[in-house]
$ cat protein03.cif   # mmCIF, C-alpha atoms
data_run
loop_
_atom_site.label_atom_id
_atom_site.label_comp_id
_atom_site.auth_asym_id
_atom_site.auth_seq_id
_atom_site.Cartn_x
_atom_site.Cartn_y
_atom_site.Cartn_z
CA MET L 7 48.80 60.02 -24.28
CA ASP L 8 50.57 59.62 -27.62
CA TYR L 9 47.98 58.88 -30.32
CA LYS L 10 50.44 58.80 -33.23
CA PRO L 11 50.96 55.00 -33.16
CA LEU L 12 47.18 54.50 -33.40
CA ALA L 13 46.98 57.09 -36.17
CA LYS L 14 49.70 55.30 -38.14
CA GLU L 15 47.91 51.94 -37.80
CA ILE L 16 44.60 53.42 -38.92
CA LEU L 17 46.24 55.03 -41.97
CA LYS L 18 48.09 51.84 -42.78
CA ASN L 19 44.92 49.75 -42.72
CA ILE L 20 42.68 52.09 -44.71
CA GLY L 21 45.04 52.01 -47.66
CA MET L 22 47.44 54.78 -46.62
CA LYS L 23 47.23 58.51 -47.29
CA SER L 24 46.76 58.08 -51.03
CA ASN L 25 43.44 56.29 -50.50
CA VAL L 26 41.89 59.17 -48.55
CA ARG L 27 39.75 61.62 -50.49
CA SER L 28 38.31 63.48 -47.51
CA ILE L 29 38.58 63.39 -43.71
CA THR L 30 36.62 64.98 -40.88
CA HIS L 31 35.34 63.97 -37.47
CA CYS L 32 32.21 64.23 -35.34
CA VAL L 33 31.72 63.72 -31.59
CA THR L 34 32.87 60.09 -31.57
CA ARG L 35 34.00 59.11 -35.08
CA VAL L 36 36.75 59.90 -37.56
CA ARG L 37 34.96 60.02 -40.92
CA PHE L 38 36.82 59.19 -44.13
CA ILE L 39 35.73 59.20 -47.74
CA LEU L 40 38.02 56.66 -49.38
CA ASN L 41 38.89 56.25 -53.02
CA ASP L 42 38.59 52.48 -52.66
CA GLU L 43 36.95 51.03 -49.53
CA SER L 44 38.06 47.52 -50.49
CA GLN L 45 41.62 48.48 -49.52
CA ALA L 46 40.54 49.01 -45.89
CA ASN L 47 41.11 46.13 -43.48
CA ASP L 48 38.01 46.38 -41.28
CA GLU L 49 38.83 43.61 -38.82
CA VAL L 50 42.36 44.82 -38.14
CA ILE L 51 41.11 48.36 -37.50
CA ARG L 52 38.36 47.07 -35.16
CA ASP L 53 40.98 45.20 -33.13
CA LEU L 54 43.22 48.23 -32.65
CA ASP L 55 43.55 49.45 -29.08
CA GLY L 56 41.59 52.71 -28.99
CA VAL L 57 39.11 51.82 -31.75
CA LEU L 58 35.58 50.81 -30.74
CA ASP L 59 34.14 49.88 -34.13
CA VAL L 60 34.13 50.48 -37.87
CA VAL L 61 30.94 51.69 -39.57
CA LYS L 62 30.29 52.09 -43.30
CA GLN L 63 27.43 54.49 -43.87
CA GLY L 64 26.34 56.92 -46.58
CA GLY L 65 29.54 56.43 -48.54
CA GLN L 66 31.69 57.23 -45.50
CA TYR L 67 34.19 54.97 -43.79
CA GLN L 68 33.74 55.78 -40.10
CA VAL L 69 36.22 54.74 -37.42
CA VAL L 70 34.50 54.91 -34.03
CA ILE L 71 36.91 56.23 -31.38
CA GLY L 72 34.85 57.71 -28.57
CA PRO L 73 35.65 60.77 -26.41
CA SER L 74 39.28 60.99 -27.59
CA VAL L 75 38.28 61.31 -31.25
CA GLY L 76 39.64 64.86 -31.49
CA SER L 77 43.11 63.79 -30.38
CA VAL L 78 43.13 60.81 -32.74
CA TYR L 79 41.95 62.98 -35.62
CA ASP L 80 44.70 65.55 -34.93
CA ALA L 81 47.28 62.75 -34.80
CA ILE L 82 46.10 61.37 -38.16
CA ILE L 83 46.32 64.84 -39.72
CA ASP L 84 49.80 65.31 -38.25
CA VAL L 85 51.10 61.90 -39.34
CA ALA L 86 49.63 62.01 -42.85
CA ASN L 87 50.26 65.74 -43.43
CA PHE L 88 47.09 66.03 -45.50
CA SER L 89 46.62 69.03 -47.78
CA ASP L 90 43.94 71.61 -46.95
CA ASN L 91 41.65 70.40 -49.73
CA ILE L 92 41.49 66.96 -48.05
CA ILE L 93 40.85 68.34 -44.55
CA ASN L 94 38.44 71.11 -45.60
CA SER L 95 36.85 69.20 -48.45
CA SER L 96 33.30 70.26 -49.33
CA GLU L 97 32.69 66.83 -50.85
CA ILE L 98 29.71 64.87 -49.60
CA ALA L 99 29.78 61.12 -49.92
CA ALA L 100 27.76 59.87 -52.86
CA PRO L 101 24.92 57.46 -52.06
CA THR L 102 25.63 53.78 -52.60
CA SER L 103 24.01 52.02 -55.52
CA ASP L 104 21.27 50.38 -53.44
CA GLU L 105 20.03 53.68 -51.97
CA THR L 106 17.11 55.53 -53.49
CA GLU L 107 17.55 59.03 -54.84
CA GLU L 108 15.49 60.43 -51.96
CA LYS L 109 17.60 58.66 -49.33
CA GLY L 110 20.75 59.77 -51.10
CA PHE L 111 19.64 63.40 -50.98
CA LEU L 112 18.73 63.07 -47.29
CA ASN L 113 22.14 61.60 -46.50
CA LYS L 114 23.83 64.46 -48.33
CA ALA L 115 21.78 67.07 -46.51
CA LEU L 116 22.36 65.51 -43.09
CA GLY L 117 26.05 65.04 -43.84
CA LEU L 118 26.34 68.68 -44.88
CA ILE L 119 24.60 70.02 -41.77
CA SER L 120 26.52 67.75 -39.40
CA SER L 121 29.88 68.64 -40.94
CA ILE L 122 29.10 72.36 -40.47
CA PHE L 123 28.15 71.86 -36.82
CA ILE L 124 31.01 69.52 -35.86
CA PRO L 125 33.60 72.32 -35.31
CA VAL L 126 31.29 74.21 -32.92
CA LEU L 127 29.80 71.34 -30.91
CA GLY L 128 32.32 71.66 -28.09
CA LEU L 129 31.74 75.39 -27.78
CA LEU L 130 27.99 74.85 -27.81
CA SER L 131 28.34 72.36 -24.97
CA GLY L 132 30.49 74.78 -22.98
CA ALA L 133 28.04 77.67 -23.42
CA GLY L 134 25.13 75.41 -22.55
CA MET L 135 26.91 74.29 -19.38
CA ILE L 136 27.37 77.91 -18.32
CA LYS L 137 23.64 78.52 -18.79
CA ALA L 138 22.78 75.37 -16.84
CA ILE L 139 25.03 76.28 -13.90
CA LEU L 140 23.67 79.83 -13.93
CA SER L 141 20.09 78.55 -13.78
CA LEU L 142 20.97 76.20 -10.90
CA CYS L 143 22.64 79.01 -8.94
CA THR L 144 19.57 81.18 -9.46
CA VAL L 145 17.14 78.48 -8.33
CA ILE L 146 19.01 77.72 -5.11
CA GLY L 147 19.40 81.42 -4.35
CA LEU L 148 23.16 81.88 -4.81
CA LEU L 149 22.61 84.53 -7.51
CA THR L 150 19.91 86.99 -8.50
CA ALA L 151 19.10 88.29 -11.95
CA LYS L 152 20.29 91.78 -10.98
CA SER L 153 23.70 90.78 -9.63
CA GLY L 154 26.85 91.58 -11.61
CA THR L 155 27.98 87.94 -11.54
CA TYR L 156 24.66 86.81 -13.04
CA ILE L 157 24.75 89.45 -15.79
CA ILE L 158 28.33 88.59 -16.78
CA LEU L 159 27.78 84.82 -16.79
CA SER L 160 24.48 85.22 -18.64
CA ALA L 161 26.17 87.29 -21.34
CA LEU L 162 28.95 84.74 -21.63
CA GLY L 163 26.49 81.88 -22.00
CA ASP L 164 24.20 83.73 -24.43
CA THR L 165 26.83 85.26 -26.73
CA LEU L 166 27.40 82.17 -28.87
CA PHE L 167 23.68 81.57 -29.35
CA TYR L 168 22.83 85.20 -30.07
CA PHE L 169 25.62 85.57 -32.64
CA PHE L 170 25.20 82.04 -33.97
CA PRO L 171 24.97 83.18 -37.62
CA ILE L 172 28.55 84.46 -37.33
CA VAL L 173 29.85 81.15 -35.97
CA VAL L 174 27.89 79.07 -38.46
CA GLY L 175 28.97 81.41 -41.25
CA TRP L 176 32.61 80.70 -40.42
CA SER L 177 32.08 76.92 -40.39
CA ALA L 178 29.87 76.93 -43.51
CA ALA L 179 32.47 78.95 -45.41
CA ARG L 180 35.07 76.27 -44.66
CA LYS L 181 32.68 73.61 -45.89
CA PHE L 182 31.78 75.39 -49.13
CA GLY L 183 35.36 76.32 -50.01
CA LEU L 184 34.92 80.03 -49.27
CA LYS L 185 37.39 82.04 -47.21
CA GLU L 186 36.21 82.02 -43.60
CA ILE L 187 36.24 85.81 -43.28
CA TYR L 188 33.41 86.03 -45.82
CA GLY L 189 31.23 83.69 -43.78
CA VAL L 190 31.99 85.67 -40.61
CA THR L 191 31.18 88.98 -42.31
CA LEU L 192 27.91 87.77 -43.83
CA GLY L 193 26.89 86.27 -40.49
CA ALA L 194 27.63 89.57 -38.73
CA PHE L 195 25.63 91.38 -41.42
CA LEU L 196 22.53 89.36 -40.53
CA VAL L 197 22.73 90.39 -36.86
CA TYR L 198 23.92 93.97 -37.51
CA PRO L 199 22.21 96.15 -34.83
CA THR L 200 20.64 98.64 -37.25
CA LEU L 201 19.03 95.88 -39.32
CA ALA L 202 17.96 94.02 -36.18
CA THR L 203 16.27 97.17 -34.88
CA ALA L 204 14.60 97.82 -38.24
CA ALA L 205 13.26 94.24 -38.26
CA SER L 206 11.26 94.95 -35.10
CA SER L 207 9.97 98.34 -36.28
CA THR L 208 6.57 99.15 -37.75
CA ALA L 209 6.07 98.13 -41.37
CA VAL L 210 6.15 100.90 -43.99
CA THR L 211 3.31 99.43 -46.03
CA THR L 212 2.03 96.20 -47.54
CA ILE L 213 2.43 95.14 -51.15
CA PHE L 214 0.02 92.71 -52.84
CA LYS L 215 -2.44 93.46 -50.04
CA GLY L 216 -5.44 91.13 -49.96
CA THR L 217 -3.63 88.32 -51.79
CA ILE L 218 -1.70 85.26 -50.64
CA PHE L 219 1.45 87.16 -51.70
CA ALA L 220 0.81 90.00 -49.22
CA LEU L 221 4.11 91.21 -47.80
CA LYS L 222 4.75 93.80 -45.11
CA TYR L 223 8.06 95.55 -45.62
CA LYS L 224 9.97 98.03 -43.49
CA MET L 225 12.49 99.54 -45.89
CA THR L 226 13.53 99.51 -49.52
CA PHE L 227 16.78 99.05 -51.38
CA LEU L 228 16.94 101.09 -54.59
CA GLY L 229 13.15 101.21 -54.44
CA ILE L 230 12.80 97.42 -54.05
CA PRO L 231 10.94 96.26 -50.89
CA VAL L 232 13.16 94.49 -48.37
CA ALA L 233 11.55 92.01 -45.98
CA LEU L 234 13.53 92.13 -42.75
CA GLN L 235 13.38 89.66 -39.90
CA SER L 236 15.45 88.81 -36.86
CA TYR L 237 18.25 86.38 -37.73
CA SER L 238 19.71 86.12 -34.23
CA SER L 239 20.24 82.46 -33.22
CA THR L 240 19.19 81.21 -36.68
CA VAL L 241 21.05 78.53 -38.67
CA ILE L 242 19.54 77.78 -42.08
CA PRO L 243 19.58 81.35 -43.54
CA ILE L 244 23.33 81.83 -43.09
CA ILE L 245 24.10 78.38 -44.52
CA ILE L 246 22.12 79.21 -47.66
CA ILE L 247 23.68 82.67 -47.92
CA VAL L 248 27.24 81.36 -47.58
CA TRP L 249 26.53 78.60 -50.11
CA PHE L 250 25.30 81.24 -52.56
CA ALA L 251 28.24 83.53 -51.76
CA SER L 252 30.70 80.72 -52.51
CA TYR L 253 29.44 80.59 -56.11
CA VAL L 254 29.49 84.37 -56.45
CA TYR L 255 33.06 84.43 -55.14
CA LYS L 256 34.26 81.66 -57.46
CA TYR L 257 32.65 83.31 -60.48
CA CYS L 258 34.11 86.74 -59.66
CA ASP L 259 37.51 85.24 -58.99
CA LYS L 260 37.37 83.61 -62.41
CA VAL L 261 36.30 86.58 -64.53
CA ILE L 262 37.89 89.58 -62.77
CA PRO L 263 41.48 90.39 -63.88
CA ASP L 264 44.21 89.60 -61.36
CA VAL L 265 45.16 93.25 -60.88
CA LEU L 266 41.60 94.03 -59.69
CA LYS L 267 40.81 90.90 -57.68
CA MET L 268 41.93 92.11 -54.26
CA VAL L 269 39.27 94.83 -54.18
CA PHE L 270 36.54 93.81 -56.57
CA VAL L 271 36.14 90.11 -55.71
CA PRO L 272 35.25 90.96 -52.08
CA PHE L 273 33.20 93.96 -53.26
CA PHE L 274 30.94 91.99 -55.58
CA THR L 275 30.77 88.93 -53.31
CA LEU L 276 29.60 90.90 -50.27
CA LEU L 277 27.34 93.23 -52.26
CA ILE L 278 25.54 90.53 -54.23
CA ALA L 279 25.29 87.92 -51.46
CA GLY L 280 24.35 90.46 -48.79
CA VAL L 281 21.64 92.23 -50.77
CA VAL L 282 20.18 89.01 -52.20
CA SER L 283 20.01 87.53 -48.68
CA LEU L 284 17.66 90.31 -47.58
CA MET L 285 15.70 90.48 -50.84
CA SER L 286 14.89 86.77 -50.53
CA SER L 287 13.82 86.92 -46.89
CA ASP L 288 10.33 85.69 -46.02
CA GLN L 289 8.43 88.04 -43.72
CA SER L 290 5.44 85.73 -43.48
CA ARG L 291 6.97 83.49 -40.81
#
$ encode --input "protein03.cif" --output "structure tokens"
Amino acid sequence: MDYKPLAKEILKNIGMKSNVRSITHCVTRVRFILNDESQANDEVIRDLDGVLDVVKQGGQYQVVIGPSVGSVYDAIIDVANFSDNIINSSEIAAPTSDETEEKGFLNKALGLISSIFIPVLGLLSGAGMIKAILSLCTVIGLLTAKSGTYIILSALGDTLFYFFPIVVGWSAARKFGLKEIYGVTLGAFLVYPTLATAASSTAVTTIFKGTIFALKYKMTFLGIPVALQSYSSTVIPIIIIVWFASYVYKYCDKVIPDVLKMVFVPFFTLLIAGVVSLMSSDQSR
């Protein structure tokens, strides 16, 4: 099906390309942040064939499409030829004037998390389906846990979840305006086998023993205790790390001379963000 005519009509009735400050999509909706929402013709958009509804929420102008949202979104991007800063914008819609500060913060946080997860939802569904089919085949006796087919399918279904920090790191980097390879590398660092093994080892000693600040640590970095834990399948740590790394990267890119940037911007970004991520870990979970 050709979605370009629908894309053109949506663009026309939201005030054209120039009125779009940011665009993304979720499972069912194309989400715009518009410069001026009053330019959008809500009723015309609602009546378009292929549009289910129009929702204004949290500063976003949301066009509800349904299952074909990905195709409509791609058609809009193709027709409008948006720049990367519009498509990959890290901007979160500001709360409307009648929202409280607390609600505005909650909307921002939820919008941030959802925008990071949107690119991987399909893959999550696919991996989950593999796990579900595998469980069904095991229950009805088609497969056993020791069979080669079971082992291969189990690995395929588990891989995304086990290495989730890598996937989330990639998506978070896009959201925070950091090159994706940094997010991937920092995510891989969290699940690096040597660190994962060390996290499950016996603690070296305990500092601040007998106090509420007691901390068992398993190794040191330049004499500073490092609290290791297993980051496999986690989400929040890598998002925070990539957010922090984006500021380190931007600062280094600003102050380091051009002739040295290719080596030293990655060097300082990975070194500072990576070490700080472990130094700030909480072993008391």
$ closest_residue --input "protein03.cif" --among "L:Asp164, L:Asp259, L:Asp8, L:Glu49" --to "Leu184 of chain L" --atoms "only C-alpha atoms"
L:Asp259
$ resolve_selection --input "protein03.cif" --expression "the PyMOL selection byres ((chain L and resi 197) around 10)" --output "JSON, numbers by chain"
{"L": [168, 169, 170, 171, 172, 192, 193, 194, 195, 196, 198, 199, 200, 201, 202, 203, 235, 236, 237, 238, 239, 240]}
$ resolve_selection --input "protein03.cif" --expression "the PyMOL selection byres ((chain L and resi 136) around 8)" --output "list in words"
Gly132, Ala133, Gly134, Met135, Lys137, Ala138, Ile139, Leu140, Leu159, Ser160, Leu162 and Gly163 of chain L
$ residues_around --input "protein03.cif" --residues "Ile246 of chain L" --least-positions-apart "6" --cutoff "12 Å" --atoms "all atoms listed in the file" --output "PyMOL selection string"
chain L and resi 118-119+171+174-175+178-179+182+189+192-193+240+252-253+279-280+282-284+286-287
$ resolve_selection --input "protein03.cif" --expression "the PyMOL selection byres ((chain L and resi 17) around 12)" --output "VMD selection string"
chain L and resid 10 to 16 18 to 26 29 36 38 40 45 to 48 50 to 51 54 69 78 to 79 81 to 88
$ atom_distance --input "protein03.cif" --atom1 "atom CA of Ser77 of chain L" --atom2 "atom CA of Lys181 of chain L"
21.1 Å
$ atom_distance --input "protein03.cif" --atom1 "atom CA of Ser177 of chain L" --atom2 "atom CA of Ala204 of chain L"
27.3 Å
$ residues_near_point --input "protein03.cif" --point "(35.0, 57.6, -38.3)" --cutoff "9 Å" --atoms "only C-alpha atoms" --output "count of residues only"
20
